[in-house]
>>> print(open('my_file.pdb').read())   # PDB, C-alpha atoms and all ligand atoms
ATOM      1  CA  MET A   1     147.948 147.693  64.819
ATOM      2  CA  THR A   2     144.699 145.892  64.118
ATOM      3  CA  LEU A   3     146.500 143.064  62.359
ATOM      4  CA  ARG A   4     148.927 142.728  65.213
ATOM      5  CA  LEU A   5     146.105 142.616  67.752
ATOM      6  CA  GLN A   6     144.317 140.027  65.651
ATOM      7  CA  ALA A   7     147.467 137.945  65.532
ATOM      8  CA  LEU A   8     147.802 138.211  69.304
ATOM      9  CA  ALA A   9     144.167 137.309  69.759
ATOM     10  CA  LEU A  10     144.565 134.300  67.504
ATOM     11  CA  LEU A  11     147.702 133.281  69.353
ATOM     12  CA  ALA A  12     145.866 133.555  72.667
ATOM     13  CA  LEU A  13     143.017 131.470  71.275
ATOM     14  CA  LEU A  14     145.374 128.792  69.990
ATOM     15  CA  THR A  15     147.304 128.751  73.251
ATOM     16  CA  LEU A  16     144.135 128.302  75.252
ATOM     17  CA  ALA A  17     142.453 125.934  72.813
ATOM     18  CA  PRO A  18     143.632 122.598  74.272
ATOM     19  CA  VAL A  19     142.236 123.374  77.714
ATOM     20  CA  ARG A  20     139.274 125.447  76.555
ATOM     21  CA  ALA A  21     137.314 122.867  74.621
ATOM     22  CA  GLY A  22     134.029 124.470  75.719
ATOM     23  CA  ALA A  23     134.813 127.869  74.203
ATOM     24  CA  GLN A  24     133.298 128.491  70.776
ATOM     25  CA  ALA A  25     133.464 132.259  70.247
ATOM     26  CA  ALA A  26     135.935 133.675  67.759
ATOM     27  CA  ALA A  27     138.685 136.058  68.763
ATOM     28  CA  MET A  28     137.745 139.675  68.294
ATOM     29  CA  SER A  29     139.692 142.859  67.757
ATOM     30  CA  GLU A  30     137.557 145.621  66.429
ATOM     31  CA  GLN A  31     137.404 149.401  66.369
ATOM     32  CA  VAL A  32     133.844 150.603  66.975
ATOM     33  CA  LYS A  33     132.887 154.178  66.132
ATOM     34  CA  GLY A  34     130.319 156.072  68.162
ATOM     35  CA  SER A  35     128.680 159.471  68.324
ATOM     36  CA  GLY A  36     130.624 162.736  68.317
ATOM     37  CA  GLY A  37     133.801 161.206  66.853
ATOM     38  CA  ALA A  38     134.412 158.872  69.796
ATOM     39  CA  ALA A  39     135.662 155.325  69.227
ATOM     40  CA  VAL A  40     136.476 152.235  71.291
ATOM     41  CA  GLY A  41     138.774 149.356  70.364
ATOM     42  CA  ILE A  42     137.447 146.054  71.683
ATOM     43  CA  TRP A  43     139.744 143.075  72.168
ATOM     44  CA  ALA A  44     138.834 139.617  73.446
ATOM     45  CA  ALA A  45     140.489 136.218  73.040
ATOM     46  CA  THR A  46     137.108 134.536  73.454
ATOM     47  CA  LEU A  47     133.792 135.669  74.913
ATOM     48  CA  THR A  48     132.870 133.082  77.513
ATOM     49  CA  PRO A  49     132.445 133.230  81.303
ATOM     50  CA  GLY A  50     135.875 133.834  82.862
ATOM     51  CA  ASP A  51     137.225 135.824  79.897
ATOM     52  CA  ILE A  52     138.433 139.430  79.852
ATOM     53  CA  LEU A  53     137.538 142.248  77.456
ATOM     54  CA  VAL A  54     140.152 144.929  76.878
ATOM     55  CA  LEU A  55     138.905 148.307  75.681
ATOM     56  CA  SER A  56     141.096 150.978  74.092
ATOM     57  CA  LEU A  57     139.300 154.240  74.683
ATOM     58  CA  ALA A  58     139.510 156.962  72.043
ATOM     59  CA  PRO A  59     137.389 159.928  73.128
ATOM     60  CA  SER A  60     137.205 162.885  70.752
ATOM     61  CA  SER A  61     138.263 165.488  73.338
ATOM     62  CA  PRO A  62     139.529 165.604  76.967
ATOM     63  CA  VAL A  63     137.188 163.648  79.240
ATOM     64  CA  ARG A  64     135.928 164.377  82.696
ATOM     65  CA  GLU A  65     134.738 160.811  83.056
ATOM     66  CA  ALA A  66     134.105 157.643  81.062
ATOM     67  CA  GLY A  67     131.200 155.392  82.065
ATOM     68  CA  ILE A  68     131.200 151.795  80.874
ATOM     69  CA  SER A  69     128.375 149.319  81.305
ATOM     70  CA  PHE A  70     128.342 145.651  80.368
ATOM     71  CA  ALA A  71     126.414 142.644  81.700
ATOM     72  CA  GLY A  72     125.120 144.498  84.734
ATOM     73  CA  LYS A  73     128.522 145.971  85.651
ATOM     74  CA  GLU A  74     129.051 149.713  85.784
ATOM     75  CA  ILE A  75     132.585 151.083  85.634
ATOM     76  CA  THR A  76     133.509 154.744  85.976
ATOM     77  CA  LEU A  77     136.978 155.864  84.911
ATOM     78  CA  ARG A  78     138.521 159.268  85.413
ATOM     79  CA  PRO A  79     141.733 160.747  84.033
ATOM     80  CA  ASP A  80     144.884 160.012  86.050
ATOM     81  CA  GLU A  81     148.097 162.085  86.090
ATOM     82  CA  ASN A  82     148.955 160.787  82.592
ATOM     83  CA  GLY A  83     145.651 161.911  81.126
ATOM     84  CA  GLY A  84     143.329 159.293  79.733
ATOM     85  CA  PRO A  85     141.508 157.144  80.598
ATOM     86  CA  SER A  86     142.855 155.216  77.617
ATOM     87  CA  ARG A  87     142.249 151.617  78.640
ATOM     88  CA  ALA A  88     139.615 149.593  80.472
ATOM     89  CA  PHE A  89     139.289 145.950  81.498
ATOM     90  CA  ILE A  90     135.982 144.134  81.810
ATOM     91  CA  GLY A  91     135.730 140.696  83.353
ATOM     92  CA  LEU A  92     133.080 138.212  82.228
ATOM     93  CA  ASP A  93     132.071 136.604  85.508
ATOM     94  CA  LEU A  94     132.178 132.821  85.665
ATOM     95  CA  GLY A  95     128.454 132.853  86.446
ATOM     96  CA  LEU A  96     127.558 134.976  83.390
ATOM     97  CA  GLU A  97     124.723 133.503  81.292
ATOM     98  CA  SER A  98     125.288 132.982  77.583
ATOM     99  CA  GLY A  99     123.501 135.332  75.177
ATOM    100  CA  THR A 100     123.821 138.821  73.757
ATOM    101  CA  GLN A 101     125.076 141.572  76.049
ATOM    102  CA  SER A 102     125.369 145.236  75.152
ATOM    103  CA  LEU A 103     128.521 147.158  75.811
ATOM    104  CA  ARG A 104     127.979 150.883  76.299
ATOM    105  CA  VAL A 105     130.746 153.434  76.709
ATOM    106  CA  VAL A 106     129.786 157.039  77.459
ATOM    107  CA  PHE A 107     132.484 159.715  77.364
ATOM    108  CA  ARG A 108     131.535 162.814  79.331
ATOM    109  CA  TYR A 109     133.720 165.637  78.086
ATOM    110  CA  ARG A 110     135.083 168.585  80.004
ATOM    111  CA  ASP A 111     133.170 170.984  77.766
ATOM    112  CA  GLY A 112     129.884 169.408  78.903
ATOM    113  CA  SER A 113     129.177 167.419  75.735
ATOM    114  CA  SER A 114     129.279 163.631  75.489
ATOM    115  CA  GLY A 115     129.880 160.782  73.059
ATOM    116  CA  THR A 116     128.532 157.231  73.182
ATOM    117  CA  VAL A 117     129.833 153.977  71.698
ATOM    118  CA  LEU A 118     127.558 150.918  71.581
ATOM    119  CA  LYS A 119     128.306 147.329  70.646
ATOM    120  CA  SER A 120     126.423 144.052  71.042
ATOM    121  CA  LEU A 121     128.587 141.131  72.068
ATOM    122  CA  ARG A 122     127.642 137.485  72.059
ATOM    123  CA  VAL A 123     128.713 135.543  75.146
ATOM    124  CA  THR A 124     128.910 131.811  74.495
ATOM    125  CA  ARG A 125     128.574 128.964  76.925
ATOM    126  CA  ARG A 126     131.461 127.399  78.756
ATOM    127  CA  GLN A 127     131.165 124.016  80.437
ATOM    128  CA  PHE A 128     132.527 123.637  83.933
ATOM    129  CA  ARG A 129     133.216 120.223  85.404
ATOM    130  CA  LEU A 130     131.492 118.849  88.479
ATOM    131  CA  LYS A 131     133.750 117.296  91.087
ATOM    132  CA  HIS A 132     133.311 115.650  94.473
ATOM    133  CA  ILE A 133     135.870 116.765  97.046
ATOM    134  CA  THR A 134     136.585 115.548 100.565
ATOM    135  CA  LEU A 135     137.934 118.086 103.071
ATOM    136  CA  PRO A 136     138.354 118.328 106.849
ATOM    137  CA  ASP A 137     134.920 119.080 108.332
ATOM    138  CA  GLU A 138     135.914 122.443 109.844
ATOM    139  CA  PHE A 139     136.259 123.857 106.319
ATOM    140  CA  VAL A 140     132.887 122.549 105.142
ATOM    141  CA  GLU A 141     130.819 123.248 108.268
ATOM    142  CA  PRO A 142     132.933 125.863 110.089
ATOM    143  CA  PRO A 143     132.584 125.673 113.897
ATOM    144  CA  PRO A 144     130.548 128.529 115.495
ATOM    145  CA  GLU A 145     133.627 130.168 117.018
ATOM    146  CA  VAL A 146     135.091 131.002 113.589
ATOM    147  CA  LEU A 147     131.882 132.339 111.970
ATOM    148  CA  ASP A 148     132.603 135.896 113.133
ATOM    149  CA  ARG A 149     136.082 135.704 111.683
ATOM    150  CA  ILE A 150     134.770 134.384 108.348
ATOM    151  CA  ALA A 151     132.162 137.171 108.145
ATOM    152  CA  ARG A 152     134.755 139.814 109.037
ATOM    153  CA  GLU A 153     137.142 138.542 106.376
ATOM    154  CA  ALA A 154     134.404 138.424 103.716
ATOM    155  CA  LYS A 155     133.563 142.060 104.469
ATOM    156  CA  MET A 156     137.222 143.068 104.311
ATOM    157  CA  LEU A 157     137.680 141.322 100.947
ATOM    158  CA  ALA A 158     134.590 143.032  99.499
ATOM    159  CA  ALA A 159     135.999 146.411 100.589
ATOM    160  CA  ILE A 160     139.394 145.637  99.031
ATOM    161  CA  TYR A 161     137.892 144.628  95.673
ATOM    162  CA  SER A 162     135.652 147.699  95.582
ATOM    163  CA  GLU A 163     138.596 150.073  95.328
ATOM    164  CA  SER A 164     141.285 149.927  92.649
ATOM    165  CA  GLY A 165     143.924 152.427  91.572
ATOM    166  CA  PRO A 166     142.986 154.834  88.727
ATOM    167  CA  ALA A 167     146.277 154.234  86.864
ATOM    168  CA  TRP A 168     147.509 151.039  85.193
ATOM    169  CA  LEU A 169     150.415 149.685  87.258
ATOM    170  CA  GLY A 170     151.246 146.619  85.146
ATOM    171  CA  GLN A 171     154.577 146.241  83.320
ATOM    172  CA  GLY A 172     153.964 144.440  80.034
ATOM    173  CA  ARG A 173     152.237 141.085  79.950
ATOM    174  CA  PHE A 174     151.027 138.951  82.837
ATOM    175  CA  GLY A 175     153.082 135.864  83.646
ATOM    176  CA  LEU A 176     152.537 132.709  85.679
ATOM    177  CA  PRO A 177     153.262 133.168  89.397
ATOM    178  CA  HIS A 178     154.826 129.711  89.587
ATOM    179  CA  GLN A 179     156.180 127.272  87.012
ATOM    180  CA  GLY A 180     154.341 124.095  87.933
ATOM    181  CA  PRO A 181     151.786 121.794  86.322
ATOM    182  CA  ILE A 182     148.455 123.611  86.048
ATOM    183  CA  THR A 183     145.169 121.935  86.893
ATOM    184  CA  ASP A 184     142.653 123.594  84.612
ATOM    185  CA  ASN A 185     139.942 123.734  87.271
ATOM    186  CA  PHE A 186     138.727 127.332  87.112
ATOM    187  CA  GLY A 187     134.946 127.391  87.539
ATOM    188  CA  GLU A 188     134.767 123.753  88.635
ATOM    189  CA  ARG A 189     131.505 123.100  90.485
ATOM    190  CA  ARG A 190     132.230 121.176  93.632
ATOM    191  CA  ILE A 191     130.346 119.070  96.111
ATOM    192  CA  LEU A 192     132.233 119.188  99.403
ATOM    193  CA  ASN A 193     132.027 116.086 101.612
ATOM    194  CA  GLY A 194     128.971 114.961  99.675
ATOM    195  CA  ARG A 195     126.711 117.783 100.863
ATOM    196  CA  LYS A 196     127.893 121.371 100.379
ATOM    197  CA  GLN A 197     128.087 123.098  97.003
ATOM    198  CA  SER A 198     130.999 125.320  96.123
ATOM    199  CA  VAL A 199     132.520 126.910  93.037
ATOM    200  CA  HIS A 200     136.250 126.932  92.430
ATOM    201  CA  THR A 201     136.950 130.541  91.461
ATOM    202  CA  GLY A 202     140.660 130.192  90.691
ATOM    203  CA  LEU A 203     143.206 127.884  89.177
ATOM    204  CA  ASP A 204     145.468 125.424  91.007
ATOM    205  CA  ILE A 205     149.180 125.226  90.224
ATOM    206  CA  ASP A 206     151.211 122.348  91.679
ATOM    207  CA  ALA A 207     153.976 123.488  94.016
ATOM    208  CA  GLU A 208     156.293 122.016  96.619
ATOM    209  CA  MET A 209     156.280 123.416 100.141
ATOM    210  CA  GLY A 210     158.506 126.523 100.131
ATOM    211  CA  ASP A 211     158.566 127.060  96.347
ATOM    212  CA  PRO A 212     158.800 130.760  95.440
ATOM    213  CA  ILE A 213     155.560 132.450  94.384
ATOM    214  CA  SER A 214     155.973 135.597  92.330
ATOM    215  CA  ALA A 215     153.867 138.568  91.249
ATOM    216  CA  SER A 216     152.293 137.874  87.858
ATOM    217  CA  ASN A 217     152.560 141.572  87.052
ATOM    218  CA  ALA A 218     153.564 144.813  88.737
ATOM    219  CA  GLY A 219     151.104 146.309  91.171
ATOM    220  CA  ARG A 220     150.487 147.210  94.765
ATOM    221  CA  VAL A 221     149.945 144.765  97.651
ATOM    222  CA  VAL A 222     146.476 145.454  99.052
ATOM    223  CA  LEU A 223     146.341 142.419 101.346
ATOM    224  CA  ALA A 224     148.999 140.147 102.871
ATOM    225  CA  ASP A 225     147.374 138.256 105.703
ATOM    226  CA  ASP A 226     146.315 134.884 107.111
ATOM    227  CA  LEU A 227     142.617 134.249 106.309
ATOM    228  CA  TYR A 228     140.455 131.334 107.477
ATOM    229  CA  TYR A 229     139.642 129.775 104.099
ATOM    230  CA  SER A 230     142.547 130.957 101.978
ATOM    231  CA  GLY A 231     145.373 130.761 104.538
ATOM    232  CA  ASN A 232     148.333 133.062 103.933
ATOM    233  CA  THR A 233     147.009 135.240 101.147
ATOM    234  CA  VAL A 234     148.335 138.048  98.967
ATOM    235  CA  ILE A 235     146.139 140.284  96.812
ATOM    236  CA  LEU A 236     147.725 142.613  94.250
ATOM    237  CA  ASP A 237     145.939 145.603  92.743
ATOM    238  CA  HIS A 238     147.237 146.231  89.213
ATOM    239  CA  GLY A 239     145.006 149.280  88.776
ATOM    240  CA  LEU A 240     141.881 149.816  86.656
ATOM    241  CA  GLY A 241     139.954 147.144  88.579
ATOM    242  CA  VAL A 242     142.377 144.264  87.903
ATOM    243  CA  PHE A 243     143.436 142.149  90.908
ATOM    244  CA  THR A 244     145.436 138.920  91.192
ATOM    245  CA  VAL A 245     145.189 136.666  94.246
ATOM    246  CA  TYR A 246     147.640 134.102  95.675
ATOM    247  CA  LEU A 247     146.458 131.608  98.311
ATOM    248  CA  HIS A 248     147.563 128.959 100.814
ATOM    249  CA  MET A 249     151.181 130.127 101.134
ATOM    250  CA  SER A 250     153.420 128.883 103.977
ATOM    251  CA  LYS A 251     155.177 132.222 104.280
ATOM    252  CA  LEU A 252     154.464 135.816 103.201
ATOM    253  CA  LEU A 253     157.308 138.057 102.014
ATOM    254  CA  VAL A 254     155.373 141.290 101.361
ATOM    255  CA  ARG A 255     153.180 143.652 103.347
ATOM    256  CA  ALA A 256     150.031 145.586 102.509
ATOM    257  CA  GLY A 257     150.961 148.852 100.812
ATOM    258  CA  ASP A 258     154.155 147.518  99.204
ATOM    259  CA  PRO A 259     154.624 148.289  95.511
ATOM    260  CA  VAL A 260     155.810 145.152  93.681
ATOM    261  CA  SER A 261     157.384 144.698  90.277
ATOM    262  CA  ARG A 262     156.557 141.894  87.863
ATOM    263  CA  GLY A 263     158.110 138.650  89.133
ATOM    264  CA  ALA A 264     158.767 139.971  92.665
ATOM    265  CA  ALA A 265     158.713 137.307  95.414
ATOM    266  CA  LEU A 266     155.385 137.429  97.273
ATOM    267  CA  GLY A 267     155.845 134.384  99.462
ATOM    268  CA  GLU A 268     156.474 130.650  99.585
ATOM    269  CA  ALA A 269     154.067 127.921  98.534
ATOM    270  CA  GLY A 270     152.243 126.020 101.243
ATOM    271  CA  SER A 271     148.984 124.458 102.317
ATOM    272  CA  THR A 272     147.490 126.917 104.815
ATOM    273  CA  GLY A 273     143.711 127.442 105.051
ATOM    274  CA  ARG A 274     141.273 125.179 103.176
ATOM    275  CA  SER A 275     143.847 123.206 101.234
ATOM    276  CA  ALA A 276     144.503 119.493 100.833
ATOM    277  CA  GLY A 277     148.246 119.786 100.152
ATOM    278  CA  PRO A 278     150.934 122.224  98.992
ATOM    279  CA  HIS A 279     149.848 124.129  95.861
ATOM    280  CA  LEU A 280     149.182 127.660  94.705
ATOM    281  CA  HIS A 281     145.584 128.691  94.172
ATOM    282  CA  TRP A 282     145.843 131.601  91.754
ATOM    283  CA  ALA A 283     142.789 133.751  91.135
ATOM    284  CA  ALA A 284     141.894 137.027  89.456
ATOM    285  CA  LYS A 285     139.167 139.642  89.760
ATOM    286  CA  VAL A 286     138.494 142.061  86.940
ATOM    287  CA  SER A 287     135.822 144.779  87.270
ATOM    288  CA  GLY A 288     134.396 142.799  90.192
ATOM    289  CA  SER A 289     134.025 139.614  88.106
ATOM    290  CA  ARG A 290     135.591 136.269  88.923
ATOM    291  CA  VAL A 291     137.739 135.543  85.863
ATOM    292  CA  ASP A 292     140.082 132.753  84.799
ATOM    293  CA  PRO A 293     143.611 133.954  85.651
ATOM    294  CA  GLN A 294     144.837 132.157  82.506
ATOM    295  CA  ALA A 295     142.910 134.799  80.526
ATOM    296  CA  LEU A 296     145.357 137.406  81.869
ATOM    297  CA  LEU A 297     148.307 135.680  80.196
ATOM    298  CA  GLY A 298     147.076 136.393  76.666
ATOM    299  CA  LEU A 299     146.103 140.041  77.124
ATOM    300  CA  PRO A 300     147.710 142.389  74.575
ATOM    301  CA  LEU A 301     149.824 144.404  77.013
ATOM    302  CA  ASP A 302     153.159 144.746  75.262
ATOM    303  CA  SER A 303     153.308 148.496  75.772
ATOM    304  CA  ARG A 304     152.422 150.362  78.924
TER     305      ARG A 304
HETATM  306 ZN    ZN B   1     142.162 126.116  94.314
END
>>> encode(input="my_file.pdb", output="C-alpha cells")
Amino acid sequence: MTLRLQALALLALLTLAPVRAGAQAAAMSEQVKGSGGAAVGIWAATLTPGDILVLSLAPSSPVREAGISFAGKEITLRPDENGGPSRAFIGLDLGLESGTQSLRVVFRYRDGSSGTVLKSLRVTRRQFRLKHITLPDEFVEPPPEVLDRIAREAKMLAAIYSESGPAWLGQGRFGLPHQGPITDNFGERRILNGRKQSVHTGLDIDAEMGDPISASNAGRVVLADDLYYSGNTVILDHGLGVFTVYLHMSKLLVRAGDPVSRGAALGEAGSTGRSAGPHLHWAAKVSGSRVDPQALLGLPLDSR
C-alpha cells in the first residue's frame, strides 16, 4: 500500500513537474503513529500553496468526532452512515506562507477517551507570476447599482463553502472538466487596468463557445446560477469539504440539488461575467482553502 501510494505520489510529482517549476518539496506518503494506538496516513504530491493533503484516518476505536487542525484551519469530521471518518482533505491555501506547520489530529472516542496524532510539515515557497490585464471598466470598478448584488453573491458563496456533505461522494479520481489547452495561471497576481490588484484563484482552460463542460468527479450541485463576476457558474460539493467550481458558461444544464456523476454535462463553455473570451475557469476549494484544481488530478482516489 505504502509503495503504491509512493509511486502515485511520484507520478503526480513528475506529471506536475513541467508546470510546477517553483515547487521544491518532495512527495510524501507516511503513516504517523499517535497516542492510544491511533494513526494517520499522510499523502501529499508536494507541500506548496495550492496543494492538497490527503489523510487516511485510523482511530483505535469507534469515534464520536475527529478534529483536525493545520495552518489555522480547523476541521471537524463525524461518522457518516458508512462509519468512519476514514479520510480527510486539507487544502494549502494559495496565500499560505512557507515554513513549518503542525498537523494535529484528535480522535474523540465514543467511550470518552481520545487519541492524538501530531506531525510537523514543511511548506515550501511557490512563485506566482505577475500579469497586467485589461478588462471592461464595469468589472474593475463596478458601478454603484451592482454593488448590492456583488455583496449578496459574496455572502451566498461564503455560506455555500461553509457547508459540505459528511460523506465522500467522489467516484475514483478527478478528471479534467474539458479537454483543451491549459493556461497554468493558478495564483497569478494580477493588476487590472493598471490600478486594481487581484489574484487568479483558478485555472483557465481554452474552450470554444458551446463546448461541453463536465463534472470532474461525482458530487452534488450546490450552485447553478448567473453571478456578476463569474457569469453562469456551477459549484459541485464532493463531500468532506472538497468543492469544484466552473465559471463563465454560456448555458447551464444542471440545477442546485442535482446529484451528478463523474463526467456528467454541467453546461456549455462561454464568456459570461468577467471574462475576455470563451474559456472555462476551473477552480477548487478544499477545507476552505483556494487550491490549484490540477492538484485534484493526482490525488490517490482509486478506491472509494
Ligand atoms: Zn480564470
>>> atom_distance(input="my_file.pdb", atom1="atom CA of Thr183 of chain A", atom2="atom CA of Ala256 of chain A")
28.8 Å
>>> atom_distance(input="my_file.pdb", atom1="atom CA of Glu141 of chain A", atom2="atom CA of Ile191 of chain A")
12.9 Å
>>> resolve_selection(input="my_file.pdb", expression="the PyMOL selection byres (((chain A and resi 105) around 8) and not hetatm)", output="list in words")
Val40, Ala66, Gly67, Ile68, Ser69, Leu103, Arg104, Val106, Phe107, Thr116, Val117 and Leu118 of chain A
>>> resolve_selection(input="my_file.pdb", expression="the PyMOL selection byres (((not hetatm)) within 7 of (chain B and resi 1))", output="mmCIF file with C-alpha atoms, keeping the file's coordinate frame")
data_model
loop_
_atom_site.group_PDB
_atom_site.id
_atom_site.type_symbol
_atom_site.label_atom_id
_atom_site.label_comp_id
_atom_site.auth_asym_id
_atom_site.auth_seq_id
_atom_site.Cartn_x
_atom_site.Cartn_y
_atom_site.Cartn_z
ATOM 1 C CA HIS A 200 136.250 126.932 92.430
ATOM 2 C CA GLY A 202 140.660 130.192 90.691
ATOM 3 C CA LEU A 203 143.206 127.884 89.177
ATOM 4 C CA ASP A 204 145.468 125.424 91.007
ATOM 5 C CA HIS A 281 145.584 128.691 94.172
#
>>> residues_around(input="my_file.pdb", residues="Phe243 of chain A", least_positions_apart="3", cutoff="6 Å", atoms="only C-alpha atoms", output="short mmCIF file (atom, residue, chain, number, x, y, z; two decimals) with C-alpha atoms, in the frame of the given file")
data_model
loop_
_atom_site.label_atom_id
_atom_site.label_comp_id
_atom_site.auth_asym_id
_atom_site.auth_seq_id
_atom_site.Cartn_x
_atom_site.Cartn_y
_atom_site.Cartn_z
CA LEU A 236 147.72 142.61 94.25
CA ASP A 237 145.94 145.60 92.74
CA HIS A 238 147.24 146.23 89.21
CA ALA A 284 141.89 137.03 89.46
CA LYS A 285 139.17 139.64 89.76
#
>>> resolve_selection(input="my_file.pdb", expression="the PyMOL selection byres (((chain A and resi 218) around 7) and not hetatm)", output="VMD selection string")
chain A and resid 169 to 171 215 217 219 238 260 to 262
>>> atom_distance(input="my_file.pdb", atom1="atom CA of Ala167 of chain A", atom2="atom CA of Gln179 of chain A")
28.7 Å
>>> closest_residue(input="my_file.pdb", among="A:Glu81, A:Asp148, A:Asp184, A:Asp93", to="Arg129 of chain A", atoms="all atoms listed in the file")
A:Asp184
>>> closest_residue(input="my_file.pdb", among="A:Lys73, A:Lys119, A:Arg64, A:Arg78", to="Val32 of chain A", atoms="all atoms listed in the file")
A:Lys119
>>> closest_residue(input="my_file.pdb", among="A:Pro212, A:Gly288, A:Phe128, A:Met249", to="Val199 of chain A", atoms="only C-alpha atoms")
A:Phe128
>>> closest_residue(input="my_file.pdb", among="A:Ala154, A:Val242, A:Val221, A:Leu253", to="Leu53 of chain A", atoms="only C-alpha atoms")
A:Val242
>>> closest_residue(input="my_file.pdb", among="A:Gly270, A:Pro62, A:Gly239, A:Gly277", to="Asp211 of chain A", atoms="all atoms listed in the file")
A:Gly270
>>> residues_around(input="my_file.pdb", residues="Ser271 of chain A", least_positions_apart="5", cutoff="7 Å", atoms="only C-alpha atoms", output="ChimeraX atom specification")
/A:248-250,276-279
